[in-house]
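Colleague: What follows is run-v2.tsv, TSV, C-alpha atoms.
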```tsv
chain	number	residue	atom	x	y	z
A	26	MET	CA	87.38	74.48	86.28
A	27	ASP	CA	87.09	73.56	89.97
A	28	ILE	CA	83.60	74.60	91.09
A	29	ALA	CA	84.29	73.68	94.73
A	30	THR	CA	87.19	76.13	94.95
A	31	LEU	CA	85.14	78.90	93.36
A	32	ILE	CA	82.21	78.31	95.70
A	33	GLY	CA	84.48	78.09	98.74
A	34	LEU	CA	86.57	81.20	98.10
A	35	PHE	CA	83.89	83.51	96.75
A	36	GLY	CA	81.26	82.12	99.09
A	37	ALA	CA	83.40	82.89	102.14
A	38	VAL	CA	84.03	86.43	100.90
A	39	GLY	CA	80.33	86.85	100.19
A	40	ILE	CA	79.30	85.71	103.67
A	41	VAL	CA	81.73	88.10	105.34
A	42	ALA	CA	80.60	90.96	103.08
A	43	LEU	CA	76.97	90.20	103.94
A	44	ALA	CA	77.81	90.26	107.64
A	45	MET	CA	79.46	93.66	107.18
A	46	VAL	CA	76.39	95.00	105.44
A	47	LEU	CA	74.10	93.69	108.15
A	48	ALA	CA	76.38	95.16	110.81
A	49	GLY	CA	75.79	98.67	109.51
A	50	ASP	CA	77.44	100.91	106.95
A	51	PHE	CA	79.63	98.77	104.67
A	52	VAL	CA	81.90	101.76	103.96
A	53	GLN	CA	83.10	101.76	107.58
A	54	PHE	CA	84.92	98.49	106.87
A	55	ILE	CA	86.98	100.01	104.07
A	56	ASP	CA	90.18	101.85	104.96
A	57	VAL	CA	92.76	102.48	102.26
A	58	PRO	CA	95.85	102.83	104.52
A	59	SER	CA	94.96	99.56	106.24
A	60	ILE	CA	94.57	97.82	102.89
A	61	LEU	CA	97.97	99.10	101.77
A	62	VAL	CA	99.70	97.94	104.95
A	63	VAL	CA	98.19	94.46	104.93
A	64	LEU	CA	97.68	93.59	101.28
A	65	ILE	CA	100.71	95.25	99.68
A	66	GLY	CA	102.92	94.92	102.75
A	67	SER	CA	102.25	91.19	103.15
A	68	HIS	CA	103.08	90.45	99.53
A	69	LEU	CA	106.28	92.49	99.75
A	70	VAL	CA	107.40	90.60	102.85
A	71	VAL	CA	106.74	87.26	101.14
A	72	LEU	CA	108.58	88.51	98.06
A	73	GLY	CA	111.56	89.15	100.32
A	74	GLN	CA	111.47	85.50	101.41
A	75	TYR	CA	111.49	83.90	97.96
A	76	PRO	CA	113.16	84.44	94.57
A	77	LEU	CA	111.10	86.47	92.12
A	78	SER	CA	110.67	83.45	89.85
A	79	GLU	CA	109.13	81.36	92.66
A	80	PHE	CA	106.91	84.26	93.72
A	81	ILE	CA	105.53	84.65	90.19
A	82	GLY	CA	105.33	80.87	89.80
A	83	ALA	CA	103.18	80.69	92.94
A	84	ALA	CA	100.70	83.10	91.38
A	85	LYS	CA	100.46	80.85	88.32
A	86	ALA	CA	100.15	77.78	90.52
A	87	GLY	CA	97.39	79.50	92.49
A	88	MET	CA	95.33	79.78	89.30
A	89	LYS	CA	95.60	76.01	89.03
A	90	THR	CA	93.34	75.66	92.07
A	91	ILE	CA	90.53	77.16	89.97
A	92	MET	CA	91.38	76.46	86.31
A	93	TYR	CA	92.03	72.77	86.84
A	94	LYS	CA	90.33	69.55	85.91
A	95	SER	CA	91.11	66.59	88.13
A	96	PRO	CA	92.52	63.63	86.17
A	97	ASN	CA	90.02	60.85	85.59
A	98	CYS	CA	91.99	57.71	86.42
A	99	GLU	CA	89.30	55.41	85.00
A	100	GLU	CA	89.54	57.12	81.61
A	101	ILE	CA	93.33	57.03	81.77
A	102	ILE	CA	93.30	53.28	82.48
A	103	ALA	CA	90.90	52.69	79.59
A	104	LYS	CA	93.21	54.64	77.27
A	105	ILE	CA	96.30	52.74	78.42
A	106	VAL	CA	94.54	49.39	77.89
A	107	GLU	CA	93.56	50.57	74.41
A	108	LEU	CA	97.19	51.42	73.69
A	109	ALA	CA	98.30	48.07	75.11
A	110	ASP	CA	95.89	46.23	72.78
A	111	LEU	CA	97.20	48.24	69.84
A	112	SER	CA	100.81	47.54	70.75
A	113	ARG	CA	100.16	43.83	71.26
A	114	LYS	CA	98.74	43.54	67.76
A	115	GLY	CA	101.09	45.79	65.80
A	116	GLY	CA	104.12	46.41	68.02
A	117	LEU	CA	105.28	49.61	69.68
A	118	LEU	CA	105.62	51.42	66.37
A	119	SER	CA	101.87	51.09	65.86
A	120	LEU	CA	101.41	53.56	68.73
A	121	GLU	CA	102.92	56.38	66.67
A	122	GLY	CA	99.59	57.35	65.13
A	123	ALA	CA	97.53	56.79	68.29
A	124	GLU	CA	95.43	59.73	69.48
A	125	VAL	CA	96.51	60.68	73.02
A	126	GLU	CA	95.20	63.87	74.61
A	127	ASP	CA	97.11	63.92	77.90
A	128	PRO	CA	100.52	65.60	77.31
A	129	PHE	CA	102.33	63.44	79.89
A	130	LEU	CA	100.94	60.19	78.50
A	131	LYS	CA	101.65	61.38	74.96
A	132	LYS	CA	105.27	62.05	75.89
A	133	GLY	CA	105.57	58.56	77.35
A	134	VAL	CA	104.09	56.97	74.23
A	135	GLY	CA	106.60	58.94	72.15
A	136	LEU	CA	109.45	57.52	74.22
A	137	LEU	CA	108.13	53.99	73.65
A	138	VAL	CA	107.84	54.55	69.90
A	139	ASP	CA	111.42	55.85	69.83
A	140	GLY	CA	112.54	52.51	71.25
A	141	HIS	CA	113.93	53.67	74.58
A	142	ASP	CA	114.61	51.11	77.30
A	143	GLY	CA	112.08	50.79	80.12
A	144	GLU	CA	114.49	52.20	82.69
A	145	VAL	CA	115.15	55.23	80.49
A	146	VAL	CA	111.42	55.84	80.03
A	147	LYS	CA	110.83	55.50	83.75
A	148	SER	CA	113.72	57.82	84.63
A	149	ILE	CA	112.61	60.58	82.23
A	150	LEU	CA	108.96	60.50	83.25
A	151	GLU	CA	109.68	60.28	86.98
A	152	LYS	CA	111.93	63.33	86.67
A	153	ASP	CA	108.99	65.21	85.12
A	154	VAL	CA	106.79	64.14	88.04
A	155	GLN	CA	109.39	65.28	90.56
A	156	MET	CA	109.84	68.70	88.95
A	157	ALA	CA	106.08	69.28	88.69
A	158	SER	CA	105.68	68.28	92.35
A	159	LYS	CA	108.47	70.66	93.30
A	160	ARG	CA	106.71	73.55	91.54
A	161	HIS	CA	103.48	72.74	93.36
A	162	ALA	CA	105.31	72.51	96.68
A	163	ASN	CA	106.96	75.90	96.09
A	164	GLY	CA	103.63	77.47	95.26
A	165	ALA	CA	102.00	75.99	98.35
A	166	ALA	CA	104.92	77.23	100.50
A	167	VAL	CA	104.57	80.79	99.18
A	168	PHE	CA	100.86	80.89	100.00
A	169	LYS	CA	101.54	79.30	103.39
A	170	SER	CA	104.05	82.07	104.10
A	171	LEU	CA	101.45	84.65	103.05
A	172	ALA	CA	99.01	83.07	105.50
A	173	GLY	CA	101.53	83.60	108.29
A	174	VAL	CA	102.65	87.09	107.28
A	175	ALA	CA	99.22	88.66	106.67
A	176	PRO	CA	97.98	88.47	110.31
A	177	ALA	CA	101.35	89.82	111.49
A	178	MET	CA	101.11	92.75	109.10
A	179	GLY	CA	97.57	93.26	110.33
A	180	MET	CA	98.87	93.52	113.88
A	181	ILE	CA	101.56	95.99	112.76
A	182	GLY	CA	98.87	98.11	111.14
A	183	THR	CA	96.81	97.95	114.31
A	184	LEU	CA	99.76	99.13	116.38
A	185	ILE	CA	100.32	102.00	113.96
A	186	GLY	CA	96.68	102.96	114.36
A	187	LEU	CA	96.84	102.72	118.16
A	188	VAL	CA	99.93	104.93	118.29
A	189	ALA	CA	98.17	107.50	116.12
A	190	MET	CA	95.08	107.27	118.32
A	191	LEU	CA	96.96	107.65	121.59
A	192	GLY	CA	98.77	110.64	120.15
A	193	ASN	CA	95.43	112.38	119.69
A	194	MET	CA	93.59	111.87	122.99
A	195	ASP	CA	92.38	115.47	123.25
A	196	ASP	CA	89.10	114.61	121.49
A	197	PRO	CA	87.39	111.67	123.28
A	198	LYS	CA	84.85	111.35	120.46
A	199	SER	CA	87.60	110.43	118.00
A	200	ILE	CA	88.86	107.50	120.08
A	201	GLY	CA	86.10	105.07	119.05
A	202	PRO	CA	86.38	105.64	115.29
A	203	ALA	CA	90.18	105.63	115.48
A	204	MET	CA	90.11	102.29	117.34
A	205	ALA	CA	87.78	100.87	114.69
A	206	VAL	CA	90.17	101.87	111.92
A	207	ALA	CA	93.11	100.38	113.84
A	208	LEU	CA	91.32	97.06	114.18
A	209	LEU	CA	90.52	96.90	110.47
A	210	THR	CA	94.10	95.91	109.67
A	211	THR	CA	93.76	92.88	111.95
A	212	LEU	CA	90.52	92.02	110.16
A	213	TYR	CA	92.16	92.28	106.74
A	214	GLY	CA	95.09	90.13	107.83
A	215	ALA	CA	92.81	87.41	109.18
A	216	MET	CA	90.72	87.45	105.99
A	217	ILE	CA	93.72	87.13	103.68
A	218	ALA	CA	95.22	84.31	105.74
A	219	ASN	CA	92.10	82.24	106.38
A	220	MET	CA	89.95	82.98	103.33
A	221	MET	CA	92.58	83.02	100.59
A	222	ALA	CA	96.16	82.00	101.38
A	223	THR	CA	95.58	78.90	103.54
A	224	PRO	CA	92.83	77.37	101.34
A	225	ILE	CA	94.89	77.88	98.18
A	226	SER	CA	97.98	76.37	99.83
A	227	ASP	CA	96.04	73.30	100.97
A	228	LYS	CA	94.33	72.93	97.58
A	229	LEU	CA	97.69	73.04	95.79
A	230	LYS	CA	98.89	70.14	97.95
A	231	LEU	CA	95.74	68.20	97.03
A	232	ARG	CA	96.24	68.96	93.34
A	233	ASP	CA	99.84	67.77	93.58
A	234	ALA	CA	98.77	64.47	95.15
A	235	GLU	CA	96.10	63.91	92.48
A	236	GLU	CA	98.45	64.67	89.62
A	237	LYS	CA	101.24	62.56	91.08
A	238	THR	CA	98.90	59.56	91.46
A	239	ALA	CA	97.63	59.89	87.88
A	240	ARG	CA	101.11	60.22	86.42
A	241	THR	CA	102.50	57.32	88.44
A	242	LEU	CA	99.60	55.26	87.09
A	243	MET	CA	100.57	56.29	83.55
A	244	ILE	CA	104.21	55.34	84.12
A	245	ASP	CA	103.25	51.86	85.34
A	246	GLY	CA	100.95	51.40	82.37
A	247	LEU	CA	103.57	52.53	79.86
A	248	LEU	CA	106.18	50.26	81.37
A	249	GLY	CA	103.71	47.38	81.14
A	250	ILE	CA	103.18	48.15	77.45
A	251	GLN	CA	106.95	48.41	76.87
A	252	ALA	CA	107.43	45.01	78.54
A	253	GLY	CA	104.75	43.45	76.32
A	254	GLN	CA	102.43	42.49	79.17
A	255	ASN	CA	98.92	41.27	78.50
A	256	PRO	CA	96.51	44.26	78.38
A	257	ARG	CA	94.22	42.54	80.88
A	258	ILE	CA	97.08	42.17	83.34
A	259	ILE	CA	98.00	45.84	82.89
A	260	GLU	CA	94.38	46.77	83.50
A	261	GLN	CA	94.19	44.76	86.71
A	262	VAL	CA	97.43	46.28	88.01
A	263	LEU	CA	96.27	49.83	87.28
A	264	HIS	CA	92.92	49.25	88.96
A	265	GLY	CA	94.91	49.14	92.19
A	266	TYR	CA	95.16	52.95	91.92
A	267	LEU	CA	91.38	53.30	92.12
A	268	ALA	CA	89.32	53.53	95.28
A	269	GLU	CA	87.46	50.36	96.23
A	270	GLY	CA	84.15	51.73	95.02
A	271	GLN	CA	85.59	52.59	91.60
A	272	ARG	CA	87.11	49.21	90.88
A	273	PRO	CA	85.10	46.88	88.63
A	274	SER	CA	83.56	43.85	90.32
A	275	ALA	CA	84.46	40.26	89.46
A	276	GLU	CA	81.31	40.03	87.33
A	277	ASP	CA	82.35	43.10	85.35
```
Could you show the structure in this file as structure tokens?

Modeller:
Amino acid sequence: MDIATLIGLFGAVGIVALAMVLAGDFVQFIDVPSILVVLIGSHLVVLGQYPLSEFIGAAKAGMKTIMYKSPNCEEIIAKIVELADLSRKGGLLSLEGAEVEDPFLKKGVGLLVDGHDGEVVKSILEKDVQMASKRHANGAAVFKSLAGVAPAMGMIGTLIGLVAMLGNMDDPKSIGPAMAVALLTTLYGAMIANMMATPISDKLKLRDAEEKTARTLMIDGLLGIQAGQNPRIIEQVLHGYLAEGQRPSAED
């Protein structure tokens, strides 16, 4: 679970809610017609832009920003080196009983055990990386579209409210409250765009980059094992994926 995403999203909502409470009566910031126009209307517009499968897939991808554990590249490298040592001693078939938790790495090990050529292994695994990246990109695009549509729907709701207000100018006392209600749709649109849709879209891009780096690391390690390279050489090559501060020193 990503604590940073939880703190960011719910913290932002909490701060805005606190500001509303401090500004006066919290109920004055709740208007059902405005919520319908912005929340439901925005999602319907986005649904009109994408196939239903991509729209639903984006919702699932959005959950990945919260229910997600970033891959630990150091642990992955240690596991690959362990597999390389095992293969060097007993051959590729000795990897069949190896315990591998990561599904992608486990699939790659299975391909090695089955005796597939290095190019075949690389082609299959890279296709998996490409398809996963495409799903992430689609999800990010849907949320990016929502970030653009929500403020526009908020403005539409505001215009609806202004038309209704101008059509009832006989009572001057009703103008202020009517204007407040009209502006609520703009508020809702800005909140959806800046506090939900844009952060989730950006976080999905970050998740995609992290996952792509980890899986590319795994592919290089598996190909090294398939080629029979020395485990220490494989380890040194894979350390190139780590940040400078994470790489072991010469003494280590």

Colleague: For segment 29-42 of chain A, work out the shell of residues within 8 Å, counting all atoms listed in the file and skipping chain neighbours fewer than 5 positions away, then give it as a list in words.

Modeller: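 The neighbour list is Thr90, Ile91, Met220 and Met221 of chain A.
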
Colleague: Give me the residues within 12 Å of segment 226-233 of chain A as a ChimeraX atom specification, counting only C-alpha atoms and dropping any in the same chain fewer than 5 places off.

Modeller: /A:27,29-31,33-34,83-96,154-173,218-221,238-241

Colleague: Return the single residue from A:Leu208, A:Leu61, A:Ile105, A:Pro76 that is closest to Ile258 of chain A, with distances computed using only C-alpha atoms.

Modeller: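 Once distances to Ile258 of chain A are computed over only C-alpha atoms, the minimum belongs to A:Ile105.
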
Colleague: For a quick check of understanding, using only C-alpha atoms, which of A:Val134, A:Leu77, A:Leu69, A:Ile60 has the smallest distance to Ser119 of chain A?

Modeller: A:Val134

Colleague: How many Å lie between atom CA of Gly192 of chain A and atom CA of Asp50 of chain A, rounded to one decimal?

Modeller: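 Calculated distance between atom CA of Gly192 of chain A and atom CA of Asp50 of chain A is 26.9 Å.
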
Colleague: How many Å lie between atom CA of Gly265 of chain A and atom CA of Leu242 of chain A, rounded to one decimal?

Modeller: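 A separation of 9.2 Å between them.
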
Colleague: Here is a test: counting all atoms listed in the file, which residue of A:Val262, A:Met243, A:Val63, A:Val52 is nearest to Leu108 of chain A?

Modeller: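 Closest residue, counting all atoms listed in the file: A:Met243.
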
Colleague: Interatomic distance between atom CA of Gly66 of chain A and atom CA of Ala175 of chain A?

Modeller: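 Taking atom CA of Gly66 of chain A as the start and atom CA of Ala175 of chain A as the end point, the length is 8.3 Å.
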
Colleague: Which centre and which edge lengths, in Å to one decimal, describe the axis-aligned box that holds all listed atoms of segment 88-92 of chain A after 3 Å is added on each side, as JSON?

Modeller:
```
{"center_x": 93.1, "center_y": 77.7, "center_z": 89.2, "size_x": 11.1, "size_y": 10.1, "size_z": 11.8}
```
